[in-house]
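Shown next: my_file-v3.cif, given as mmCIF, C-alpha atoms.
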data_my_file
loop_
_atom_site.label_atom_id
_atom_site.label_comp_id
_atom_site.auth_asym_id
_atom_site.auth_seq_id
_atom_site.Cartn_x
_atom_site.Cartn_y
_atom_site.Cartn_z
CA MET A 1 101.83 76.14 -28.54
CA LEU A 2 99.47 77.48 -25.90
CA THR A 3 101.08 80.91 -26.07
CA LEU A 4 100.88 80.90 -29.88
CA ARG A 5 97.20 79.90 -29.78
CA LEU A 6 96.39 82.60 -27.22
CA THR A 7 98.22 85.17 -29.35
CA LEU A 8 96.28 84.13 -32.45
CA GLU A 9 92.98 84.32 -30.54
CA SER A 10 93.96 87.78 -29.30
CA PHE A 11 94.43 88.85 -32.90
CA LEU A 12 91.01 87.47 -33.82
CA PHE A 13 89.28 89.17 -30.86
CA ALA A 14 90.94 92.47 -31.75
CA TRP A 15 89.92 92.13 -35.41
CA ASP A 16 86.33 91.34 -34.47
CA ALA A 17 86.24 94.38 -32.19
CA LEU A 18 87.47 96.62 -34.98
CA LYS A 19 84.85 95.28 -37.41
CA ALA A 20 82.08 95.63 -34.83
CA ASN A 21 82.80 99.36 -34.46
CA LEU A 22 83.69 100.20 -38.06
CA LEU A 23 82.79 103.92 -37.95
CA ARG A 24 84.71 104.48 -34.72
CA THR A 25 87.64 102.56 -36.18
CA ILE A 26 87.73 104.75 -39.29
CA LEU A 27 87.49 107.97 -37.30
CA SER A 28 90.20 106.93 -34.85
CA LEU A 29 92.70 105.87 -37.52
CA LEU A 30 92.30 109.18 -39.41
CA GLY A 31 94.56 110.91 -36.89
CA VAL A 32 97.32 108.35 -37.41
CA THR A 33 96.83 108.54 -41.19
CA VAL A 34 97.33 112.30 -41.14
CA GLY A 35 100.33 112.02 -38.82
CA ILE A 36 102.13 109.33 -40.83
CA PHE A 37 101.29 111.16 -44.07
CA ALA A 38 102.80 114.37 -42.68
CA ILE A 39 106.07 112.90 -41.45
CA ILE A 40 106.67 110.52 -44.39
CA ALA A 41 105.74 113.28 -46.86
CA VAL A 42 108.28 115.62 -45.24
CA PHE A 43 111.00 112.96 -45.30
CA THR A 44 110.16 112.04 -48.92
CA ILE A 45 110.37 115.66 -50.07
CA VAL A 46 113.66 116.17 -48.20
CA ASP A 47 115.12 112.94 -49.63
CA SER A 48 114.00 113.83 -53.16
CA LEU A 49 115.36 117.37 -52.88
CA GLU A 50 118.71 116.12 -51.59
CA ALA A 51 118.92 113.45 -54.31
CA ASN A 52 118.14 116.00 -57.03
CA ILE A 53 120.70 118.47 -55.73
CA ARG A 54 123.34 115.76 -55.52
CA ARG A 55 122.44 114.65 -59.06
CA SER A 56 122.74 118.26 -60.21
CA LEU A 57 126.22 118.39 -58.67
CA ASP A 58 127.44 115.33 -60.57
CA PHE A 59 129.29 117.68 -62.91
CA VAL A 60 131.94 118.31 -60.23
CA GLY A 61 133.10 114.72 -60.70
CA ASP A 62 134.64 112.10 -58.44
CA LYS A 63 138.23 111.95 -57.13
CA ILE A 64 138.85 115.46 -58.48
CA ILE A 65 140.88 118.27 -56.94
CA TYR A 66 140.16 121.76 -58.26
CA VAL A 67 142.67 124.61 -58.22
CA SER A 68 140.66 127.78 -57.69
CA LYS A 69 140.84 131.25 -56.23
CA TRP A 70 137.92 130.60 -53.87
CA PRO A 71 137.44 127.62 -51.53
CA PHE A 72 134.21 125.64 -51.66
CA ALA A 73 133.79 126.12 -47.89
CA PHE A 74 134.76 129.11 -45.77
CA ASP A 75 136.00 129.12 -42.19
CA SER A 76 134.00 131.45 -39.98
CA ASP A 77 137.15 133.19 -38.68
CA PHE A 78 139.02 133.47 -41.99
CA PRO A 79 139.85 137.08 -43.10
CA TRP A 80 137.77 137.61 -46.23
CA TRP A 81 140.05 140.23 -47.74
CA LYS A 82 142.75 137.62 -48.28
CA TYR A 83 140.54 135.86 -50.83
CA PHE A 84 140.08 139.03 -52.84
CA ASN A 85 143.84 139.46 -53.25
CA ARG A 86 144.38 135.96 -54.60
CA PRO A 87 145.19 135.52 -58.31
CA VAL A 88 143.13 133.18 -60.46
CA PRO A 89 144.63 130.07 -62.10
CA THR A 90 146.18 130.79 -65.50
CA PRO A 91 146.97 128.73 -68.63
CA ARG A 92 150.68 129.12 -67.82
CA GLU A 93 150.13 127.49 -64.41
CA TYR A 94 148.14 124.73 -66.09
CA GLN A 95 151.04 123.96 -68.42
CA GLN A 96 153.52 123.97 -65.54
CA LEU A 97 151.30 121.64 -63.51
CA ARG A 98 151.12 119.23 -66.46
CA ARG A 99 154.91 119.14 -66.66
CA GLN A 100 155.69 118.98 -62.94
CA LEU A 101 153.00 116.69 -61.49
CA GLY A 102 154.07 113.10 -60.98
CA PRO A 103 152.20 109.86 -61.69
CA ASN A 104 149.55 110.40 -58.96
CA ASN A 105 147.05 111.78 -61.45
CA LYS A 106 145.04 110.35 -64.35
CA GLY A 107 144.59 113.66 -66.14
CA ILE A 108 144.68 117.43 -65.73
CA ALA A 109 142.43 119.95 -67.45
CA ILE A 110 141.81 123.67 -67.61
CA PHE A 111 138.43 125.13 -68.47
CA ALA A 112 136.46 128.36 -68.37
CA ALA A 113 132.87 129.28 -69.18
CA SER A 114 130.80 132.26 -70.26
CA ASN A 115 127.04 132.36 -69.65
CA GLY A 116 124.20 134.05 -71.51
CA ASN A 117 125.48 133.64 -75.07
CA ILE A 118 123.40 133.62 -78.27
CA LEU A 119 124.12 130.96 -80.90
CA LYS A 120 122.88 131.22 -84.48
CA ALA A 121 122.58 128.85 -87.45
CA GLY A 122 120.86 130.28 -90.53
CA SER A 123 117.56 131.81 -89.42
CA ASN A 124 117.51 129.85 -86.15
CA SER A 125 118.94 131.07 -82.88
CA VAL A 126 119.04 130.02 -79.24
CA SER A 127 119.84 132.24 -76.25
CA ASP A 128 121.16 131.75 -72.71
CA CYS A 129 123.78 129.25 -73.83
CA VAL A 130 127.01 128.46 -72.01
CA LEU A 131 130.20 128.69 -74.05
CA GLN A 132 132.79 126.49 -72.36
CA GLY A 133 136.42 126.31 -73.35
CA VAL A 134 138.16 123.10 -72.31
CA SER A 135 141.48 121.32 -72.69
CA TYR A 136 141.79 117.78 -74.03
CA ASP A 137 141.63 115.99 -70.65
CA PHE A 138 138.36 117.71 -69.73
CA ARG A 139 136.46 114.47 -70.43
CA VAL A 140 138.65 112.79 -67.77
CA VAL A 141 137.69 115.22 -65.01
CA SER A 142 134.08 115.83 -66.07
CA SER A 143 131.26 113.97 -67.81
CA VAL A 144 130.87 114.64 -71.54
CA PRO A 145 128.26 112.07 -72.67
CA ILE A 146 128.37 112.04 -76.49
CA ARG A 147 125.14 110.89 -78.17
CA GLU A 148 126.38 111.23 -81.73
CA GLY A 149 129.65 112.32 -83.23
CA ARG A 150 132.95 112.35 -81.37
CA TYR A 151 135.16 114.14 -78.87
CA PHE A 152 137.97 116.55 -79.80
CA THR A 153 141.28 115.26 -81.09
CA THR A 154 144.63 116.43 -79.68
CA GLN A 155 145.38 118.13 -83.03
CA GLU A 156 142.14 120.13 -82.81
CA MET A 157 142.99 121.15 -79.27
CA ASP A 158 146.59 122.13 -80.01
CA ALA A 159 145.61 124.11 -83.13
CA ALA A 160 142.58 125.75 -81.41
CA ARG A 161 140.37 124.79 -84.36
CA PRO A 162 136.81 126.19 -84.59
CA VAL A 163 134.99 122.96 -83.73
CA THR A 164 132.37 122.36 -81.07
CA ILE A 165 130.38 119.77 -79.14
CA ILE A 166 126.87 121.04 -78.39
CA GLY A 167 124.10 120.12 -75.98
CA ALA A 168 120.82 118.50 -76.99
CA THR A 169 118.76 121.68 -76.54
CA ILE A 170 121.08 123.65 -78.83
CA ALA A 171 120.95 120.91 -81.48
CA GLU A 172 117.15 120.73 -81.36
CA ASN A 173 116.73 124.49 -81.74
CA LEU A 174 119.41 125.25 -84.31
CA PHE A 175 119.08 122.11 -86.43
CA PRO A 176 115.49 120.87 -86.04
CA ASN A 177 115.29 119.08 -89.39
CA GLY A 178 118.18 116.65 -89.15
CA SER A 179 121.52 115.78 -87.63
CA ALA A 180 123.70 118.64 -86.42
CA LEU A 181 126.95 116.84 -87.25
CA GLY A 182 129.03 118.71 -89.78
CA LYS A 183 126.77 121.77 -89.62
CA GLN A 184 128.01 125.22 -88.71
CA LEU A 185 126.86 127.72 -86.11
CA LYS A 186 127.98 131.17 -85.10
CA ALA A 187 128.98 132.31 -81.62
CA ARG A 188 130.33 135.78 -80.88
CA GLY A 189 131.14 136.27 -84.55
CA GLN A 190 133.06 132.98 -84.86
CA THR A 191 131.92 130.14 -87.13
CA LEU A 192 132.10 126.75 -85.41
CA THR A 193 131.67 123.29 -86.94
CA VAL A 194 129.66 120.75 -84.92
CA ILE A 195 131.57 117.48 -84.37
CA GLY A 196 129.46 116.05 -81.55
CA VAL A 197 126.09 116.27 -79.79
CA MET A 198 125.73 115.41 -76.10
CA GLU A 199 123.00 113.27 -74.57
CA LYS A 200 119.93 115.07 -73.25
CA GLU A 201 120.00 115.52 -69.48
CA GLY A 202 116.73 117.35 -68.86
CA LYS A 203 116.01 119.91 -66.16
CA LYS A 204 118.07 120.08 -63.02
CA LEU A 205 117.67 122.07 -59.84
CA ILE A 206 121.06 123.62 -60.50
CA THR A 207 120.53 124.48 -64.16
CA LEU A 208 124.07 125.74 -64.78
CA SER A 209 125.35 122.18 -64.48
CA SER A 210 123.20 120.83 -67.34
CA ASN A 211 124.95 119.97 -70.61
CA ASP A 212 121.81 120.62 -72.65
CA ALA A 213 122.63 124.31 -73.17
CA ASN A 214 126.42 123.86 -73.29
CA CYS A 215 128.57 124.64 -76.31
CA ILE A 216 132.03 123.16 -75.65
CA ILE A 217 135.01 124.38 -77.68
CA PRO A 218 138.81 123.98 -77.48
CA PHE A 219 140.36 126.16 -74.78
CA GLY A 220 142.61 127.92 -77.29
CA MET A 221 139.57 128.89 -79.37
CA PHE A 222 137.86 130.12 -76.22
CA THR A 223 140.76 132.48 -75.40
CA LYS A 224 140.44 133.98 -78.89
CA MET A 225 136.80 134.81 -78.19
CA PHE A 226 137.20 135.96 -74.57
CA THR A 227 139.84 137.74 -72.53
CA LEU A 228 140.39 135.73 -69.36
CA SER A 229 140.09 137.58 -66.10
CA THR A 230 143.24 137.85 -63.99
CA THR A 231 141.39 138.83 -60.81
CA GLY A 232 138.07 136.95 -60.99
CA PHE A 233 136.11 140.23 -60.89
CA GLY A 234 134.73 141.27 -64.27
CA GLY A 235 136.85 141.63 -67.35
CA GLY A 236 135.93 138.18 -68.65
CA PRO A 237 135.58 134.60 -67.45
CA SER A 238 138.16 133.08 -65.12
CA ALA A 239 139.78 129.67 -65.51
CA THR A 240 139.72 126.64 -63.24
CA ILE A 241 142.23 123.80 -63.19
CA ALA A 242 141.09 120.28 -62.28
CA VAL A 243 143.19 117.18 -61.62
CA LYS A 244 141.81 113.63 -61.58
CA GLY A 245 143.24 111.35 -58.91
CA ARG A 246 143.99 107.65 -59.20
CA ASP A 247 142.01 104.84 -57.59
CA GLU A 248 145.15 103.76 -55.73
CA ASP A 249 144.96 107.04 -53.77
CA PRO A 250 141.38 106.90 -52.36
CA GLY A 251 141.84 109.84 -50.02
CA LEU A 252 143.74 111.84 -52.66
CA LEU A 253 146.19 112.81 -49.92
CA ASP A 254 149.31 112.10 -51.99
CA LEU A 255 147.93 114.05 -54.93
CA GLU A 256 146.88 116.98 -52.74
CA TYR A 257 150.29 117.22 -51.06
CA GLU A 258 152.01 117.08 -54.43
CA MET A 259 149.70 119.69 -55.98
CA ARG A 260 150.16 122.05 -53.04
CA GLY A 261 153.94 121.82 -53.31
CA VAL A 262 153.95 122.34 -57.07
CA MET A 263 151.51 125.28 -56.92
CA ARG A 264 153.52 126.97 -54.16
CA ASN A 265 156.66 126.54 -56.26
CA ILE A 266 154.94 127.90 -59.39
CA ARG A 267 153.72 130.99 -57.53
CA GLY A 268 157.03 131.50 -55.75
CA LEU A 269 155.65 131.32 -52.22
CA LYS A 270 158.12 131.32 -49.36
CA PRO A 271 157.90 128.60 -46.68
CA ARG A 272 156.15 130.86 -44.15
CA GLN A 273 153.74 132.41 -46.63
CA GLU A 274 150.13 131.22 -46.74
CA ASP A 275 148.68 129.54 -49.81
CA ASN A 276 147.18 132.05 -52.25
CA PHE A 277 145.09 129.37 -53.94
CA ALA A 278 142.44 126.84 -52.91
CA LEU A 279 142.51 123.08 -53.49
CA ASN A 280 138.86 122.05 -53.51
CA ARG A 281 137.26 118.63 -53.51
CA PRO A 282 133.65 117.72 -54.37
CA GLU A 283 133.39 116.01 -50.97
CA MET A 284 133.28 119.49 -49.41
CA VAL A 285 130.06 120.24 -51.29
CA ALA A 286 128.64 116.80 -50.52
CA ALA A 287 129.40 117.22 -46.81
CA ALA A 288 127.77 120.66 -46.75
CA VAL A 289 124.67 119.32 -48.53
CA GLY A 290 124.50 116.37 -46.12
CA LYS A 291 124.67 118.65 -43.04
CA LEU A 292 122.02 120.98 -44.45
CA PHE A 293 119.54 118.23 -45.18
CA SER A 294 120.15 116.43 -41.90
CA VAL A 295 119.03 119.63 -40.13
CA ILE A 296 116.03 119.99 -42.48
CA GLY A 297 115.12 116.34 -41.84
CA ILE A 298 115.21 116.84 -38.07
CA VAL A 299 113.03 119.96 -38.30
CA GLY A 300 110.59 118.16 -40.60
CA GLY A 301 110.48 115.17 -38.26
CA VAL A 302 109.67 117.42 -35.28
CA ILE A 303 106.87 119.13 -37.22
CA GLY A 304 105.43 115.79 -38.36
CA SER A 305 105.67 114.34 -34.85
CA PHE A 306 103.09 116.84 -33.61
CA ALA A 307 100.53 115.40 -36.03
CA ILE A 308 101.47 111.88 -34.92
CA LEU A 309 101.11 112.93 -31.26
CA VAL A 310 97.53 114.05 -31.94
CA GLY A 311 96.80 110.73 -33.65
CA GLY A 312 98.28 108.83 -30.71
CA PHE A 313 96.03 110.65 -28.23
CA GLY A 314 93.04 109.78 -30.41
CA ILE A 315 93.94 106.10 -30.41
CA ALA A 316 94.48 106.11 -26.63
CA ASN A 317 91.11 107.75 -26.08
CA ILE A 318 89.34 105.19 -28.28
CA MET A 319 91.06 102.33 -26.45
CA PHE A 320 89.90 103.63 -23.04
CA VAL A 321 86.35 103.78 -24.40
CA SER A 322 86.72 100.26 -25.81
CA VAL A 323 87.89 98.89 -22.44
CA ARG A 324 84.93 100.48 -20.68
CA GLU A 325 82.42 99.12 -23.23
CA ARG A 326 83.81 95.58 -22.97
CA THR A 327 84.37 95.44 -19.21
CA ASN A 328 81.59 92.86 -18.81
CA VAL A 329 83.06 90.70 -21.60
CA ILE A 330 86.50 90.93 -19.96
CA GLY A 331 85.02 89.69 -16.66
CA ILE A 332 83.39 86.72 -18.39
CA GLN A 333 86.64 85.83 -20.19
CA LYS A 334 88.65 86.01 -16.96
CA SER A 335 86.07 83.92 -15.07
CA LEU A 336 86.44 81.25 -17.78
CA GLY A 337 90.19 81.12 -17.18
CA ALA A 338 91.58 83.79 -19.54
CA LYS A 339 95.02 84.94 -18.45
CA ASN A 340 96.01 88.57 -18.00
CA PHE A 341 98.36 88.20 -20.98
CA PHE A 342 95.42 87.18 -23.19
CA ILE A 343 93.35 90.22 -22.17
CA LEU A 344 96.32 92.58 -22.53
CA SER A 345 97.12 91.20 -25.98
CA GLN A 346 93.58 91.80 -27.25
CA PHE A 347 93.65 95.52 -26.56
CA LEU A 348 97.30 96.03 -27.40
CA PHE A 349 96.87 94.27 -30.76
CA GLU A 350 93.74 96.31 -31.40
CA ALA A 351 95.68 99.55 -30.91
CA ILE A 352 98.53 98.32 -33.11
CA PHE A 353 96.05 97.25 -35.82
CA LEU A 354 94.47 100.70 -35.79
CA CYS A 355 97.83 102.42 -36.11
CA LEU A 356 99.12 100.04 -38.80
CA ILE A 357 96.02 100.51 -40.92
CA GLY A 358 96.18 104.28 -40.45
CA GLY A 359 99.91 104.33 -41.14
CA ALA A 360 99.53 102.21 -44.28
CA ALA A 361 96.83 104.60 -45.53
CA GLY A 362 99.15 107.56 -44.93
CA ILE A 363 102.00 105.85 -46.79
CA ILE A 364 99.71 105.05 -49.72
CA LEU A 365 98.66 108.72 -49.89
CA VAL A 366 102.32 109.80 -50.03
CA TRP A 367 102.98 107.22 -52.75
CA LEU A 368 100.03 108.58 -54.77
CA VAL A 369 101.50 112.08 -54.48
CA THR A 370 104.83 110.84 -55.87
CA LEU A 371 103.00 109.58 -58.97
CA VAL A 372 102.01 113.14 -59.91
CA PRO A 373 104.42 114.31 -62.68
CA GLN A 374 106.84 116.96 -61.41
CA ASP A 375 109.35 118.66 -63.73
CA ALA A 376 111.22 120.74 -61.18
CA LEU A 377 111.36 118.20 -58.32
CA PRO A 378 110.53 114.57 -59.13
CA LEU A 379 109.45 112.83 -55.93
CA SER A 380 110.30 109.26 -55.02
CA MET A 381 109.61 107.30 -51.83
CA SER A 382 112.22 104.80 -50.73
CA ALA A 383 111.58 101.44 -49.11
CA ALA A 384 113.38 102.73 -46.02
CA ARG A 385 110.73 105.43 -45.57
CA VAL A 386 107.93 102.85 -45.93
CA ILE A 387 109.52 100.70 -43.24
CA LEU A 388 110.04 103.79 -41.06
CA GLY A 389 106.36 104.71 -41.40
CA LEU A 390 105.23 101.21 -40.41
CA LEU A 391 107.62 101.09 -37.44
CA ILE A 392 106.39 104.48 -36.24
CA SER A 393 102.81 103.18 -36.55
CA VAL A 394 103.63 100.13 -34.43
CA ALA A 395 105.36 102.33 -31.84
CA ILE A 396 102.33 104.63 -31.65
CA GLY A 397 100.06 101.62 -31.22
CA ILE A 398 102.15 100.24 -28.37
CA VAL A 399 102.44 103.58 -26.57
CA ALA A 400 98.75 104.50 -27.06
CA GLY A 401 97.43 101.04 -26.21
CA ILE A 402 99.63 99.82 -23.38
CA VAL A 403 97.90 101.72 -20.54
CA PRO A 404 94.31 100.78 -21.57
CA ALA A 405 95.47 97.19 -22.13
CA LEU A 406 97.04 97.03 -18.65
CA LEU A 407 93.85 98.41 -17.08
CA ALA A 408 91.80 95.76 -18.85
CA ALA A 409 94.19 92.95 -17.90
CA ASN A 410 94.15 93.91 -14.20
CA LEU A 411 90.37 94.14 -13.83
CA ASP A 412 88.83 92.01 -11.05
CA PRO A 413 86.62 89.42 -12.81
CA VAL A 414 83.82 89.67 -10.21
CA ILE A 415 83.61 93.47 -10.42
CA ALA A 416 84.00 93.37 -14.19
CA ILE A 417 81.06 90.94 -14.65
CA ARG A 418 78.80 93.16 -12.54
CA ALA A 419 79.71 96.27 -14.59
CA LYS A 420 76.98 97.71 -16.78
#
Please render this file's structure as structure tokens.
Amino acid sequence: MLTLRLTLESFLFAWDALKANLLRTILSLLGVTVGIFAIIAVFTIVDSLEANIRRSLDFVGDKIIYVSKWPFAFDSDFPWWKYFNRPVPTPREYQQLRRQLGPNNKGIAIFAASNGNILKAGSNSVSDCVLQGVSYDFRVVSSVPIREGRYFTTQEMDAARPVTIIGATIAENLFPNGSALGKQLKARGQTLTVIGVMEKEGKKLITLSSNDANCIIPFGMFTKMFTLSTTGFGGGPSATIAVKGRDEDPGLLDLEYEMRGVMRNIRGLKPRQEDNFALNRPEMVAAAVGKLFSVIGIVGGVIGSFAILVGGFGIANIMFVSVRERTNVIGIQKSLGAKNFFILSQFLFEAIFLCLIGGAAGIILVWLVTLVPQDALPLSMSAARVILGLLISVAIGIVAGIVPALLAANLDPVIAIRAK
């Protein structure tokens, strides 16, 4: 109880000292405010940027293995020319994979896309649209959020019928006066009937992944409109095959082994020949993004720490001045029986108070910045960053205040009373 009472009194003495020197208190906490604002602002921007990029990459799906010509990640010592000689996946290989893959998958799809297309409906038109040809199981391997209408039927897919599911931006521009369902639009000279409209996604950092400007059609219809590339260099869009794994195979190891064996068999590779295809997983992209932003976070933290260092020196300087001004009071307190712990606590708590108030002000400034509307990069501050800012403030207070507090606690009461 005595220790608790002394601690409480130390808090009160520290608070009174801060109020008695209000201007000095405000000036000294400005350095901490700027420092905490700098480091938490950097971390908030990095977190928001990483979250937005990851959200933009949601289109790659979860538990998916992609069969592609190019890998998502390159080895530094891999001969680049070998990639150029690889063939791209073909519809024939897709059909063979469907027949030969076992029960380790939930669905397999083939798709291809062409960018920069113009769609027309009556006197209305919209440019820079993505025409995407997909097979029936595309909705298994990728997100196709339907707002109104429906998805393709197997009959429409098999017969390559001229039907389409369009994004919200296309629907708003081509059919502004009502529902787009049942209406017709033209793309590359083909008349397509709208059977579905996707939910609006809004702007993303990686705009190619947004469904808003997508016009999805059956893969057979797509091959009538475009000649698929056999090399991946010009001559038309190239296809990608995607396979969805089962929840019972969390690492997708069984599915990957099976797919590699089937693809090697389809392409007639001998046992000693290298794979001429890539099996890619979204985790490769996620891992690369995580490594990139961990480095950015470290760099941002180092830059912000310089501002915090300046604030810490300011607090330490103010605490030394405070000890000198109150030397006489310290001598009186010690002569009346105050323990060294009580004196140390006063000044240490005063330094921590200064840093906490300054840190809280910096966090509030960052929070106010996140309230400003941002279309390209919406900012959000997590509770973890708030806690981090407060902990850093406490650490600065302890480091900046411990030496002045120790000097005050070890003063000789007789000499301290005589001080002027």
| query | What does the PyMOL selection byres ((chain A and resi 140) around 8) select in this file, as a list in words? | reply |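 Output from the PyMOL selection byres ((chain A and resi 140) around 8), applied to this file: Lys106, Gly107, Ile108, Asp137, Phe138, Arg139, Val141, Ser142, Ser143 and Lys244 of chain A.
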For the residues in the current selection, export C-alpha atoms as a JSON list (two decimals), in the frame of the given file.
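See result16.json below for the written result:
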[["chain", "number", "residue", "atom", "x", "y", "z"],
["A", 106, "LYS", "CA", 145.04, 110.35, -64.35],
["A", 107, "GLY", "CA", 144.59, 113.66, -66.14],
["A", 108, "ILE", "CA", 144.68, 117.43, -65.73],
["A", 137, "ASP", "CA", 141.63, 115.99, -70.65],
["A", 138, "PHE", "CA", 138.36, 117.71, -69.73],
["A", 139, "ARG", "CA", 136.46, 114.47, -70.43],
["A", 141, "VAL", "CA", 137.69, 115.22, -65.01],
["A", 142, "SER", "CA", 134.08, 115.83, -66.07],
["A", 143, "SER", "CA", 131.26, 113.97, -67.81],
["A", 244, "LYS", "CA", 141.81, 113.63, -61.58]]
* Using the chain letters and numbering of this document, enumerate as an MDAnalysis selection string the residues selected by the PyMOL selection byres ((chain A and resi 211) around 9). => chainID A and resid 130 144:145 166:169 198:202 208:210 212:215
_Pro89 of chain A environment, 12 Å, only C-alpha atoms, sequence neighbours closer than 6 positions dropped, as a ChimeraX atom specification_ = /A:66-70,95-97,109-112,228-232,237-242,263,266-267,276-279
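Our summary of the geometry notes that atom CA of Phe219 of chain A is positioned 27.7 Å from atom CA of Leu269 of chain A.
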Go through the shown structure with the PyMOL selection byres ((chain A and resi 388) around 12) and write out the matching residues as a list of chain:residue names.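 Answer for the PyMOL selection byres ((chain A and resi 388) around 12): A:Ile36, A:Phe37, A:Ile39, A:Ile40, A:Ala41, A:Phe43, A:Thr44, A:Gly301, A:Leu356, A:Gly359, A:Ala360, A:Ile363, A:Met381, A:Ser382, A:Ala383, A:Ala384, A:Arg385, A:Val386, A:Ile387, A:Gly389, A:Leu390, A:Leu391, A:Ile392, A:Ser393, A:Val394, A:Ala395.
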task: Calculate how many Å separate atom CA of Pro271 of chain A from atom CA of Ile64 of chain A, rounding to one decimal.
output: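 Answer for the atom CA of Pro271 of chain A to atom CA of Ile64 of chain A separation: 26.0 Å.
Atom CA of Ile216 of chain A lies 26.1 Å from atom CA of Leu101 of chain A.
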